[in-house]
file entry.txt (compact mmCIF, C-alpha atoms and all ligand atoms)
# COMPACT_ATOMS: atom_id res chain seq x y z
CA MET A 1 -26.50 29.57 17.01
CA GLY A 2 -26.95 25.83 16.53
CA ASP A 3 -27.67 23.18 19.02
CA LEU A 4 -24.52 21.17 19.80
CA ILE A 5 -26.11 17.79 19.17
CA THR A 6 -27.77 18.90 15.91
CA ASP A 7 -24.47 20.40 14.69
CA ILE A 8 -22.49 17.29 15.48
CA ALA A 9 -25.13 15.05 13.90
CA ALA A 10 -24.78 17.10 10.69
CA GLN A 11 -20.98 16.77 10.82
CA LEU A 12 -21.28 13.01 11.25
CA ALA A 13 -23.69 12.84 8.30
CA GLN A 14 -21.13 14.73 6.24
CA LEU A 15 -18.40 12.23 7.13
CA GLN A 16 -20.77 9.46 6.14
CA GLU A 17 -21.45 11.13 2.77
CA ARG A 18 -17.73 11.57 2.03
CA LYS A 19 -17.16 7.92 2.96
CA LEU A 20 -14.90 9.00 5.83
CA LEU A 21 -16.97 7.59 8.66
CA ARG A 22 -14.88 5.00 10.50
CA LEU A 23 -16.38 1.72 11.55
CA ARG A 24 -15.22 -0.51 14.38
CA ARG A 25 -15.48 -4.25 13.91
CA SER A 26 -15.67 -6.42 17.01
CA VAL A 27 -13.17 -9.23 16.97
CA GLU A 28 -14.26 -12.45 18.62
CA GLY A 29 -11.60 -14.27 20.61
CA PRO A 30 -7.88 -13.54 20.81
CA GLN A 31 -5.64 -11.63 18.41
CA GLY A 32 -3.53 -13.65 15.98
CA PRO A 33 -2.79 -14.16 12.28
CA CYS A 34 -6.42 -15.21 11.81
CA LEU A 35 -9.32 -13.21 13.23
CA THR A 36 -12.99 -14.03 13.64
CA VAL A 37 -15.24 -11.10 12.85
CA GLY A 38 -19.01 -11.36 12.51
CA GLY A 39 -18.73 -15.13 12.53
CA GLU A 40 -16.29 -15.12 9.55
CA ARG A 41 -12.63 -16.20 9.72
CA TYR A 42 -10.12 -13.84 8.11
CA LEU A 43 -6.42 -14.15 7.43
CA ALA A 44 -5.33 -10.80 8.87
CA PHE A 45 -2.47 -8.45 7.98
CA CYS A 46 -3.60 -5.50 10.05
CA SER A 47 -2.11 -5.86 13.51
CA ASN A 48 0.98 -4.47 15.19
CA ASP A 49 1.45 -7.69 17.15
CA TYR A 50 4.59 -8.18 15.07
CA LEU A 51 5.96 -11.17 16.98
CA GLY A 52 2.72 -12.97 17.74
CA LEU A 53 3.06 -12.43 21.50
CA ALA A 54 -0.40 -10.98 22.22
CA ASN A 55 -1.82 -14.47 22.71
CA HIS A 56 1.39 -16.33 23.62
CA PRO A 57 1.02 -19.04 26.31
CA ALA A 58 4.08 -17.80 28.25
CA LEU A 59 2.63 -14.28 28.50
CA ILE A 60 -0.81 -15.59 29.41
CA ALA A 61 0.66 -17.79 32.16
CA ALA A 62 2.71 -14.86 33.50
CA ALA A 63 -0.35 -12.60 33.49
CA HIS A 64 -2.25 -15.26 35.47
CA ARG A 65 0.56 -15.42 38.04
CA GLY A 66 0.62 -11.62 38.24
CA LEU A 67 -3.14 -11.58 38.69
CA ASP A 68 -2.99 -14.11 41.53
CA HIS A 69 -0.16 -12.26 43.24
CA TYR A 70 -1.16 -8.60 42.78
CA GLY A 71 -4.88 -8.65 42.05
CA VAL A 72 -6.39 -6.55 39.27
CA GLY A 73 -6.08 -2.81 39.90
CA ALA A 74 -3.14 -0.63 40.92
CA SER A 75 -5.43 1.60 43.03
CA ALA A 76 -3.51 4.89 42.82
CA SER A 77 -0.94 6.79 40.82
CA ALA A 78 2.61 5.46 40.92
CA LEU A 79 3.80 8.36 43.11
CA ILE A 80 1.11 7.76 45.74
CA SER A 81 0.92 3.99 46.27
CA GLY A 82 0.32 2.39 42.86
CA HIS A 83 3.93 1.56 41.96
CA SER A 84 4.31 -2.22 42.30
CA GLY A 85 7.41 -4.32 42.68
CA ALA A 86 6.64 -5.91 39.32
CA MET A 87 6.80 -2.49 37.61
CA GLU A 88 10.07 -1.69 39.40
CA GLN A 89 11.52 -4.95 38.08
CA LEU A 90 10.14 -4.32 34.58
CA GLU A 91 11.68 -0.84 34.36
CA ALA A 92 15.10 -2.20 35.31
CA ALA A 93 14.75 -5.04 32.78
CA LEU A 94 13.68 -2.64 30.01
CA ALA A 95 16.61 -0.29 30.67
CA ALA A 96 19.06 -3.20 30.56
CA PHE A 97 17.45 -4.61 27.41
CA VAL A 98 17.91 -1.38 25.44
CA GLY A 99 21.27 -0.58 27.05
CA MET A 100 20.24 2.62 28.84
CA PRO A 101 20.84 3.69 32.45
CA ARG A 102 17.20 3.97 33.49
CA ALA A 103 13.64 3.51 32.23
CA LEU A 104 10.17 4.72 33.21
CA TYR A 105 6.92 2.88 32.35
CA PHE A 106 3.89 4.80 31.03
CA SER A 107 0.32 3.52 30.52
CA ASN A 108 0.66 3.80 26.74
CA GLY A 109 2.73 5.42 24.03
CA TYR A 110 0.30 8.26 23.40
CA MET A 111 0.47 9.38 27.02
CA ALA A 112 4.24 8.89 27.13
CA ASN A 113 4.88 11.36 24.33
CA MET A 114 2.20 13.78 25.56
CA GLY A 115 4.01 13.84 28.91
CA ILE A 116 7.66 13.68 27.85
CA VAL A 117 7.69 16.52 25.32
CA PRO A 118 6.16 19.24 27.52
CA ALA A 119 8.36 18.13 30.44
CA LEU A 120 11.47 18.78 28.36
CA ALA A 121 10.57 21.82 26.27
CA GLY A 122 8.50 24.93 26.93
CA ARG A 123 8.00 28.53 25.84
CA GLY A 124 11.11 29.89 24.10
CA ASP A 125 12.50 26.43 23.36
CA SER A 126 12.49 24.89 19.88
CA ILE A 127 11.15 21.57 18.70
CA PHE A 128 12.13 20.06 15.35
CA SER A 129 9.66 17.47 14.11
CA ASP A 130 9.61 15.13 11.09
CA SER A 131 6.57 15.78 8.86
CA LEU A 132 5.49 12.12 9.11
CA ASN A 133 5.67 11.85 12.90
CA HIS A 134 2.92 10.11 14.83
CA ALA A 135 -0.02 12.14 16.15
CA CYS A 136 1.12 11.85 19.78
CA LEU A 137 4.49 13.50 19.07
CA ILE A 138 2.61 16.27 17.26
CA ASP A 139 0.20 16.71 20.16
CA GLY A 140 3.03 16.61 22.70
CA ALA A 141 4.79 19.39 20.78
CA ARG A 142 1.62 21.50 20.66
CA LEU A 143 1.02 21.02 24.35
CA SER A 144 4.58 22.14 25.18
CA LYS A 145 4.09 25.69 23.80
CA ALA A 146 7.63 25.53 22.37
CA ASP A 147 8.23 26.82 18.81
CA VAL A 148 7.66 23.91 16.45
CA HIS A 149 9.67 23.58 13.23
CA ILE A 150 8.51 20.81 10.90
CA TYR A 151 11.08 19.41 8.47
CA ALA A 152 10.24 17.40 5.34
CA HIS A 153 10.27 13.66 5.95
CA SER A 154 13.85 12.51 6.76
CA ASP A 155 15.30 15.65 5.12
CA MET A 156 18.52 15.95 7.14
CA ALA A 157 19.76 18.98 5.18
CA GLN A 158 16.63 20.95 6.02
CA LEU A 159 16.81 19.83 9.65
CA GLU A 160 20.45 20.92 9.87
CA ALA A 161 19.61 24.34 8.38
CA LEU A 162 16.79 24.81 10.91
CA LEU A 163 19.05 23.79 13.80
CA ALA A 164 21.82 26.13 12.61
CA GLN A 165 19.37 29.07 12.51
CA SER A 166 18.00 28.41 15.97
CA ALA A 167 19.09 30.50 18.94
CA SER A 168 16.79 28.66 21.36
CA PRO A 169 18.26 27.64 24.70
CA ARG A 170 16.89 24.13 24.29
CA LYS A 171 16.52 22.24 21.03
CA LEU A 172 14.58 18.98 20.92
CA ILE A 173 14.27 16.80 17.81
CA LEU A 174 11.26 14.48 17.64
CA SER A 175 11.19 11.50 15.31
CA ASP A 176 9.51 8.18 14.82
CA ALA A 177 12.25 5.57 14.46
CA VAL A 178 10.08 3.53 12.08
CA PHE A 179 7.39 5.53 10.31
CA SER A 180 4.07 3.89 10.90
CA MET A 181 2.42 4.31 7.50
CA ASP A 182 5.49 3.90 5.22
CA GLY A 183 7.54 1.35 7.19
CA ASP A 184 10.84 3.14 6.52
CA ILE A 185 13.51 3.69 9.18
CA ALA A 186 14.60 7.16 10.30
CA ARG A 187 18.18 8.23 9.59
CA VAL A 188 19.05 7.77 13.25
CA PRO A 189 22.87 8.01 12.97
CA GLU A 190 22.51 11.38 11.25
CA LEU A 191 19.93 12.57 13.80
CA VAL A 192 22.34 11.72 16.61
CA ALA A 193 25.25 13.44 14.80
CA LEU A 194 23.10 16.57 14.33
CA CYS A 195 22.34 16.55 18.07
CA GLU A 196 26.05 16.46 18.86
CA ARG A 197 26.88 19.23 16.36
CA HIS A 198 24.06 21.57 17.33
CA ASP A 199 23.70 20.90 21.05
CA ALA A 200 20.26 19.35 20.53
CA TRP A 201 18.45 16.36 22.06
CA LEU A 202 16.53 13.56 20.37
CA LEU A 203 13.31 11.89 21.45
CA LEU A 204 13.15 8.74 19.35
CA ASP A 205 9.75 6.99 19.18
CA ASP A 206 10.45 3.32 18.44
CA ALA A 207 6.84 2.07 18.59
CA HIS A 208 7.40 -0.07 15.46
CA GLY A 209 11.08 -0.89 15.97
CA PHE A 210 11.15 -2.17 19.55
CA GLY A 211 11.01 -5.98 19.41
CA VAL A 212 11.50 -5.97 15.63
CA LEU A 213 14.81 -4.28 14.81
CA GLY A 214 18.28 -4.94 16.19
CA PRO A 215 19.68 -8.05 17.87
CA GLN A 216 16.87 -9.84 19.78
CA GLY A 217 14.63 -6.91 18.90
CA ARG A 218 16.50 -4.45 21.13
CA GLY A 219 15.27 -1.67 18.85
CA SER A 220 16.42 0.95 16.36
CA LEU A 221 19.40 2.24 18.33
CA ALA A 222 20.74 -1.32 18.59
CA HIS A 223 19.97 -1.80 14.87
CA PHE A 224 22.41 1.02 14.13
CA GLY A 225 24.78 0.10 16.99
CA LEU A 226 24.28 3.55 18.51
CA ALA A 227 24.44 4.84 22.07
CA SER A 228 24.26 8.51 22.99
CA ARG A 229 23.36 10.43 26.13
CA ARG A 230 21.55 12.87 23.86
CA VAL A 231 18.88 10.29 22.99
CA LEU A 232 15.72 9.60 24.94
CA TYR A 233 14.47 6.27 23.64
CA MET A 234 10.73 5.67 23.78
CA GLY A 235 9.33 2.22 23.02
CA THR A 236 5.76 0.99 23.16
CA LEU A 237 4.74 -2.33 24.68
CA GLY A 238 1.35 -2.95 23.07
CA LYS A 239 2.77 -3.74 19.63
CA ALA A 240 5.67 -6.21 19.22
CA ALA A 241 5.83 -6.80 23.00
CA GLY A 242 2.23 -8.00 22.82
CA VAL A 243 0.83 -6.41 25.99
CA ALA A 244 0.22 -2.68 26.72
CA GLY A 245 2.10 0.38 27.86
CA ALA A 246 5.24 2.21 26.87
CA PHE A 247 8.54 3.24 28.36
CA VAL A 248 11.12 5.93 28.01
CA ALA A 249 14.78 5.11 28.62
CA GLY A 250 17.82 7.32 28.83
CA ASP A 251 20.11 9.27 31.11
CA ALA A 252 19.13 8.67 34.74
CA THR A 253 18.78 12.39 35.54
CA LEU A 254 16.47 12.98 32.59
CA VAL A 255 14.36 9.96 33.53
CA GLU A 256 14.14 11.20 37.15
CA TRP A 257 12.91 14.54 35.81
CA LEU A 258 10.21 12.80 33.76
CA LEU A 259 9.12 10.82 36.81
CA GLN A 260 8.77 14.14 38.69
CA ARG A 261 7.28 16.25 35.92
CA ALA A 262 5.65 14.29 33.07
CA ARG A 263 2.01 15.06 33.83
CA THR A 264 0.74 11.92 32.07
CA TYR A 265 2.88 9.89 34.47
CA VAL A 266 2.20 11.81 37.66
CA PHE A 267 -1.54 12.35 37.36
CA THR A 268 -2.82 8.99 36.24
CA THR A 269 -3.59 5.73 38.00
CA ALA A 270 -0.74 3.26 37.65
CA SER A 271 -1.27 0.35 35.24
CA PRO A 272 -2.29 -3.06 36.58
CA PRO A 273 0.83 -4.89 37.86
CA LEU A 274 -0.19 -8.06 35.99
CA LEU A 275 0.82 -6.21 32.80
CA ALA A 276 4.36 -5.97 34.17
CA SER A 277 4.33 -9.72 34.86
CA ALA A 278 3.29 -10.41 31.26
CA LEU A 279 5.88 -7.94 29.92
CA LEU A 280 8.68 -9.55 31.93
CA ALA A 281 7.74 -12.84 30.22
CA ALA A 282 7.79 -11.05 26.84
CA LEU A 283 11.32 -9.78 27.57
CA ASP A 284 12.40 -13.33 28.48
CA LEU A 285 11.16 -14.52 25.08
CA LEU A 286 12.91 -11.64 23.29
CA ARG A 287 16.22 -12.32 25.04
CA SER A 288 16.02 -16.02 24.16
CA GLY A 289 16.86 -15.54 20.49
CA ASP A 290 16.34 -13.99 17.07
CA GLU A 291 14.19 -16.61 15.37
CA ARG A 292 11.00 -14.58 15.41
CA GLN A 293 12.70 -11.50 13.98
CA GLN A 294 14.48 -13.59 11.33
CA HIS A 295 11.23 -15.27 10.27
CA LEU A 296 9.57 -11.85 10.07
CA ARG A 297 12.36 -10.56 7.82
CA ARG A 298 12.08 -13.66 5.57
CA LEU A 299 8.33 -13.05 5.26
CA GLY A 300 9.07 -9.42 4.38
CA ARG A 301 11.39 -10.45 1.56
CA GLN A 302 8.84 -13.01 0.33
CA LEU A 303 6.16 -10.31 0.21
CA GLN A 304 8.42 -7.74 -1.46
CA ASP A 305 9.54 -10.28 -4.11
CA GLY A 306 6.01 -11.58 -4.60
CA LEU A 307 4.47 -8.15 -5.18
CA ALA A 308 7.29 -6.78 -7.37
CA GLY A 309 5.32 -7.16 -10.62
CA LEU A 310 2.12 -5.44 -9.48
CA PRO A 311 0.97 -2.20 -11.16
CA TRP A 312 1.18 -0.40 -7.79
CA ARG A 313 4.18 0.97 -5.92
CA LEU A 314 5.33 -1.15 -3.00
CA LEU A 315 7.58 0.88 -0.69
CA PRO A 316 10.81 -0.97 0.16
CA SER A 317 10.87 -2.04 3.81
CA GLN A 318 13.11 -3.80 6.31
CA THR A 319 10.42 -3.63 8.96
CA ALA A 320 7.08 -5.38 9.52
CA ILE A 321 5.16 -2.60 7.73
CA HIS A 322 4.76 -2.81 3.96
CA ALA A 323 2.87 -0.04 2.17
CA LEU A 324 1.35 -0.74 -1.24
CA ILE A 325 0.64 2.70 -2.67
CA VAL A 326 -2.32 2.70 -5.07
CA GLU A 327 -2.84 6.52 -4.89
CA ASP A 328 -6.60 6.56 -5.55
CA ASN A 329 -8.88 6.47 -2.46
CA ALA A 330 -11.66 4.49 -4.14
CA LEU A 331 -9.18 1.95 -5.53
CA ALA A 332 -7.70 1.41 -2.08
CA LEU A 333 -11.18 0.70 -0.73
CA ASP A 334 -11.96 -1.59 -3.70
CA LEU A 335 -8.83 -3.61 -3.08
CA MET A 336 -9.55 -3.88 0.64
CA GLN A 337 -13.04 -5.14 -0.23
CA GLY A 338 -11.70 -7.50 -2.91
CA LEU A 339 -9.31 -9.04 -0.39
CA ARG A 340 -12.08 -9.25 2.20
CA GLU A 341 -14.13 -11.28 -0.28
CA GLN A 342 -11.18 -13.69 -0.50
CA GLY A 343 -11.11 -13.97 3.29
CA ILE A 344 -8.14 -11.66 3.80
CA TRP A 345 -8.12 -8.53 5.93
CA VAL A 346 -5.76 -5.71 4.99
CA PRO A 347 -6.58 -2.10 5.93
CA ALA A 348 -6.89 0.67 3.35
CA ILE A 349 -5.32 3.90 4.61
CA ARG A 350 -6.52 7.16 3.11
CA PRO A 351 -5.96 10.88 3.60
CA PRO A 352 -5.81 12.62 6.03
CA THR A 353 -3.93 9.77 7.72
CA VAL A 354 -1.55 9.84 4.73
CA PRO A 355 -0.82 12.65 2.20
CA ASP A 356 -3.23 13.21 -0.72
CA ASN A 357 -2.84 10.81 -3.67
CA THR A 358 -1.00 8.24 -1.57
CA ALA A 359 -3.91 6.03 -0.52
CA ARG A 360 -2.54 2.60 0.22
CA LEU A 361 -2.94 -0.85 1.60
CA ARG A 362 -0.93 -1.09 4.81
CA ILE A 363 0.18 -4.68 5.07
CA SER A 364 1.64 -5.58 8.44
CA LEU A 365 3.37 -8.89 8.89
CA SER A 366 3.86 -10.91 12.03
CA ALA A 367 6.28 -13.65 12.95
CA ALA A 368 3.11 -15.65 13.65
CA HIS A 369 2.30 -15.69 9.91
CA SER A 370 3.45 -18.68 7.87
CA THR A 371 5.05 -18.52 4.41
CA GLU A 372 1.85 -20.18 3.10
CA GLN A 373 -0.25 -17.36 4.51
CA VAL A 374 1.93 -14.70 2.90
CA ALA A 375 1.76 -16.65 -0.38
CA ARG A 376 -2.05 -16.56 -0.11
CA LEU A 377 -1.97 -12.76 0.22
CA VAL A 378 0.38 -12.41 -2.77
CA ALA A 379 -1.85 -14.64 -4.90
CA ALA A 380 -4.99 -12.73 -3.88
CA LEU A 381 -3.42 -9.38 -4.78
CA LYS A 382 -2.33 -10.75 -8.15
CA VAL A 383 -5.93 -11.78 -8.87
CA LEU A 384 -7.09 -8.24 -8.05
CA ALA A 385 -4.30 -6.66 -10.14
CA ALA A 386 -5.36 -8.75 -13.17
CA ARG A 387 -8.95 -7.60 -12.64
CA HIS A 388 -7.88 -3.94 -12.54
CA ALA A 389 -5.46 -4.12 -15.52
C1 LIG B 401 1.12 3.30 18.16
C2 LIG B 401 2.07 4.44 18.24
C3 LIG B 401 2.14 5.23 19.38
C4 LIG B 401 1.15 5.12 20.50
O1 LIG B 401 1.42 4.05 21.31
P1 LIG B 401 0.21 3.40 22.15
O2 LIG B 401 0.88 2.59 23.19
O3 LIG B 401 -0.58 2.60 21.16
O4 LIG B 401 -0.58 4.53 22.71
C5 LIG B 401 3.13 6.18 19.46
N1 LIG B 401 3.98 6.38 18.44
C6 LIG B 401 3.91 5.66 17.30
C7 LIG B 401 4.88 5.94 16.21
C8 LIG B 401 2.95 4.67 17.18
O5 LIG B 401 2.85 3.99 16.05
call {"tool": "encode", "arguments": {"input": "entry.txt", "output": "structure tokens"}}
result
Amino acid sequence: MGDLITDIAAQLAQLQERKLLRLRRSVEGPQGPCLTVGGERYLAFCSNDYLGLANHPALIAAAHRGLDHYGVGASASALISGHSGAMEQLEAALAAFVGMPRALYFSNGYMANMGIVPALAGRGDSIFSDSLNHACLIDGARLSKADVHIYAHSDMAQLEALLAQSASPRKLILSDAVFSMDGDIARVPELVALCERHDAWLLLDDAHGFGVLGPQGRGSLAHFGLASRRVLYMGTLGKAAGVAGAFVAGDATLVEWLLQRARTYVFTTASPPLLASALLAALDLLRSGDERQQHLRRLGRQLQDGLAGLPWRLLPSQTAIHALIVEDNALALDLMQGLREQGIWVPAIRPPTVPDNTARLRISLSAAHSTEQVARLVAALKVLAARHA
């Protein structure tokens, strides 16, 4: 019988030994394409602020106005007295933006999925989940107590076979729309068709597609020109939208049910209304045009072309996420360090976040990057490739 603190200290020491202990670095000042850490300036390719809105003057000004008008805290859960007019307006604007009847705002994406999945599926129901789904879809599925069937990444034939075998009264498919570590897009048209054929429902997590894909960044469904009452669309607002929070949009009855029954909505203090003010400004910017998304796509092509000759495997990508697979864990760390020494910050991602032998550099681009900055990254990686040849 060990002492809890002694046991945990030993576990931490073990993580340290296996080089798996994670370290936080404090960033000084605002987020952007360049970050100051420990007094050093870095050109950074590690953020999900894909449009450069996190420090945008229009959002900052809107947040100031929201602050002056509403104060800081929301004081209670939304169903008691914390639901502000700004949030009401934001939900309507989000629903219209993604072309759905109704939307509901959550404090963040993790809580959204943890609340949505158990509200829709329970004991005796079946959940079908892509093997590369985000942790919060996995946790939501576990929490629901439904039977969980995991299908191989984007394997529509396997998913169809599992659906065909299922006699569950309720079938819910869970999928990231853009997979966060590979940057590839889910086969959404096929997922929707499978829902129609097998009387199933789809919860689509567009954390990395909202703001990036589709006309004006209206998301993955718009990217494919799809609309279906069988889809619940979940988008997060702390990535491309530059602020914080998440929303689910879909059929008005389903959204009303989530408002009544998603425990992570009902039993938490509402988010500060000033966030809604900032997010309304972000939506105004999104609606105003496609330049940011187009610039982001041009940078993506520049990066893909620039890295084509490297000895490592760059996954093709139409999104902001570009994965350079180097396989070996130590090599991934070496490359991260080598870039750091050249003033560039790119995260190395290792198992268990990704499957064994697929350690990688996860390069995320932002519309706030310039072509010169992407050229600097390409040149730096070429220097490291020559050194490792
Ligand atoms: C980041 C992320 C989330 C969580 O969203 P937060 O608002 O950061 O909690 C959910 N799903 C996916 C796919 C994500 O990448």
call {"tool": "residues_near_ligand", "arguments": {"input": "entry.txt", "ligand": "ligand LIG 401 (chain B)", "cutoff": "9 Å", "atoms": "only C-alpha atoms and all ligand atoms", "output": "MDAnalysis selection string"}}
result
chainID A and resid 48 106:113 133:137 175:181 205:208 234:239 244:246
call {"tool": "closest_residue", "arguments": {"input": "entry.txt", "among": "A:Ala386, A:Val248, A:Leu202, A:Ala121", "to": "Pro169 of chain A", "atoms": "all atoms listed in the file"}}
result
A:Ala121
call {"tool": "residues_around", "arguments": {"input": "entry.txt", "residues": "Ser126 of chain A", "least_positions_apart": "2", "cutoff": "12 Å", "atoms": "all atoms listed in the file", "output": "VMD selection string"}}
result
chain A and resid 117 to 118 120 to 124 128 to 129 141 to 142 144 to 150 162 to 174 199 to 201
call {"tool": "write_last_selection", "arguments": {"input": "entry.txt", "atoms": "C-alpha atoms", "output": "short mmCIF file (atom, residue, chain, number, x, y, z; two decimals), in the coordinates of the input"}}
result
data_model
loop_
_atom_site.label_atom_id
_atom_site.label_comp_id
_atom_site.auth_asym_id
_atom_site.auth_seq_id
_atom_site.Cartn_x
_atom_site.Cartn_y
_atom_site.Cartn_z
CA VAL A 117 7.69 16.52 25.32
CA PRO A 118 6.16 19.24 27.52
CA LEU A 120 11.47 18.78 28.36
CA ALA A 121 10.57 21.82 26.27
CA GLY A 122 8.50 24.93 26.93
CA ARG A 123 8.00 28.53 25.84
CA GLY A 124 11.11 29.89 24.10
CA PHE A 128 12.13 20.06 15.35
CA SER A 129 9.66 17.47 14.11
CA ALA A 141 4.79 19.39 20.78
CA ARG A 142 1.62 21.50 20.66
CA SER A 144 4.58 22.14 25.18
CA LYS A 145 4.09 25.69 23.80
CA ALA A 146 7.63 25.53 22.37
CA ASP A 147 8.23 26.82 18.81
CA VAL A 148 7.66 23.91 16.45
CA HIS A 149 9.67 23.58 13.23
CA ILE A 150 8.51 20.81 10.90
CA LEU A 162 16.79 24.81 10.91
CA LEU A 163 19.05 23.79 13.80
CA ALA A 164 21.82 26.13 12.61
CA GLN A 165 19.37 29.07 12.51
CA SER A 166 18.00 28.41 15.97
CA ALA A 167 19.09 30.50 18.94
CA SER A 168 16.79 28.66 21.36
CA PRO A 169 18.26 27.64 24.70
CA ARG A 170 16.89 24.13 24.29
CA LYS A 171 16.52 22.24 21.03
CA LEU A 172 14.58 18.98 20.92
CA ILE A 173 14.27 16.80 17.81
CA LEU A 174 11.26 14.48 17.64
CA ASP A 199 23.70 20.90 21.05
CA ALA A 200 20.26 19.35 20.53
CA TRP A 201 18.45 16.36 22.06
#
call {"tool": "closest_atom_pairs", "arguments": {"input": "entry.txt", "of": "segment 3-72 of chain A", "to": "segment 290-310 of chain A", "cutoff": "9 Å", "atoms": "all atoms listed in the file", "output": "CSV"}}
result
residue,atom,partner,partner_atom,distance
A:Tyr50,CA,A:Leu296,CA,8.0
A:Leu51,CA,A:Arg292,CA,6.3
A:Gly52,CA,A:Arg292,CA,8.8
call {"tool": "residues_around", "arguments": {"input": "entry.txt", "residues": "Val231 of chain A", "least_positions_apart": "5", "cutoff": "9 Å", "atoms": "all atoms listed in the file", "output": "PDB file with C-alpha atoms, keeping the file's coordinate frame"}}
result
ATOM      1  CA  VAL A 192      22.340  11.720  16.610  1.00  0.00           C
ATOM      2  CA  CYS A 195      22.340  16.550  18.070  1.00  0.00           C
ATOM      3  CA  TRP A 201      18.450  16.360  22.060  1.00  0.00           C
ATOM      4  CA  LEU A 202      16.530  13.560  20.370  1.00  0.00           C
ATOM      5  CA  LEU A 203      13.310  11.890  21.450  1.00  0.00           C
ATOM      6  CA  LEU A 204      13.150   8.740  19.350  1.00  0.00           C
ATOM      7  CA  ALA A 249      14.780   5.110  28.620  1.00  0.00           C
ATOM      8  CA  GLY A 250      17.820   7.320  28.830  1.00  0.00           C
ATOM      9  CA  ASP A 251      20.110   9.270  31.110  1.00  0.00           C
TER      10      ASP A 251
END
call {"tool": "atom_distance", "arguments": {"input": "entry.txt", "atom1": "atom CA of Leu43 of chain A", "atom2": "atom CA of Leu59 of chain A"}}
result
22.9 Å
call {"tool": "closest_residue", "arguments": {"input": "entry.txt", "among": "A:Ala58, A:Leu221, A:Ala252, A:Ala227", "to": "Leu283 of chain A", "atoms": "all atoms listed in the file"}}
result
A:Ala58
call {"tool": "atom_distance", "arguments": {"input": "entry.txt", "atom1": "atom CA of Ala193 of chain A", "atom2": "atom CA of His153 of chain A"}}
result
17.4 Å
call {"tool": "atom_distance", "arguments": {"input": "entry.txt", "atom1": "atom CA of Ile363 of chain A", "atom2": "atom CA of Ser154 of chain A"}}
result
22.0 Å
call {"tool": "closest_residue", "arguments": {"input": "entry.txt", "among": "A:Pro347, A:Ala61, A:Ala92, A:Ala332", "to": "His388 of chain A", "atoms": "all atoms listed in the file"}}
result
A:Ala332
call {"tool": "closest_residue", "arguments": {"input": "entry.txt", "among": "A:Arg340, A:His83, A:Arg287, A:Arg360", "to": "Thr268 of chain A", "atoms": "all atoms listed in the file"}}
result
A:His83
call {"tool": "closest_residue", "arguments": {"input": "entry.txt", "among": "A:His64, A:Leu280, A:Gln318, A:Asp182", "to": "His223 of chain A", "atoms": "all atoms listed in the file"}}
result
A:Gln318
call {"tool": "residues_near_point", "arguments": {"input": "entry.txt", "point": "(-0.2, 7.6, 34.9)", "cutoff": "10 Å", "atoms": "only C-alpha atoms", "output": "PyMOL selection string"}}
result
chain A and resi 76-79+82+105-108+111-112+115+262-271
call {"tool": "closest_residue", "arguments": {"input": "entry.txt", "among": "A:Asn329, A:Gln342, A:Ser277, A:Thr358", "to": "Lys19 of chain A", "atoms": "all atoms listed in the file"}}
result
A:Asn329
call {"tool": "residues_around", "arguments": {"input": "entry.txt", "residues": "segment 354-356 of chain A", "least_positions_apart": "3", "cutoff": "8 Å", "atoms": "only C-alpha atoms", "output": "list in words"}}
result
Met181, Glu327, Ile349, Arg350, Pro351 and Ala359 of chain A
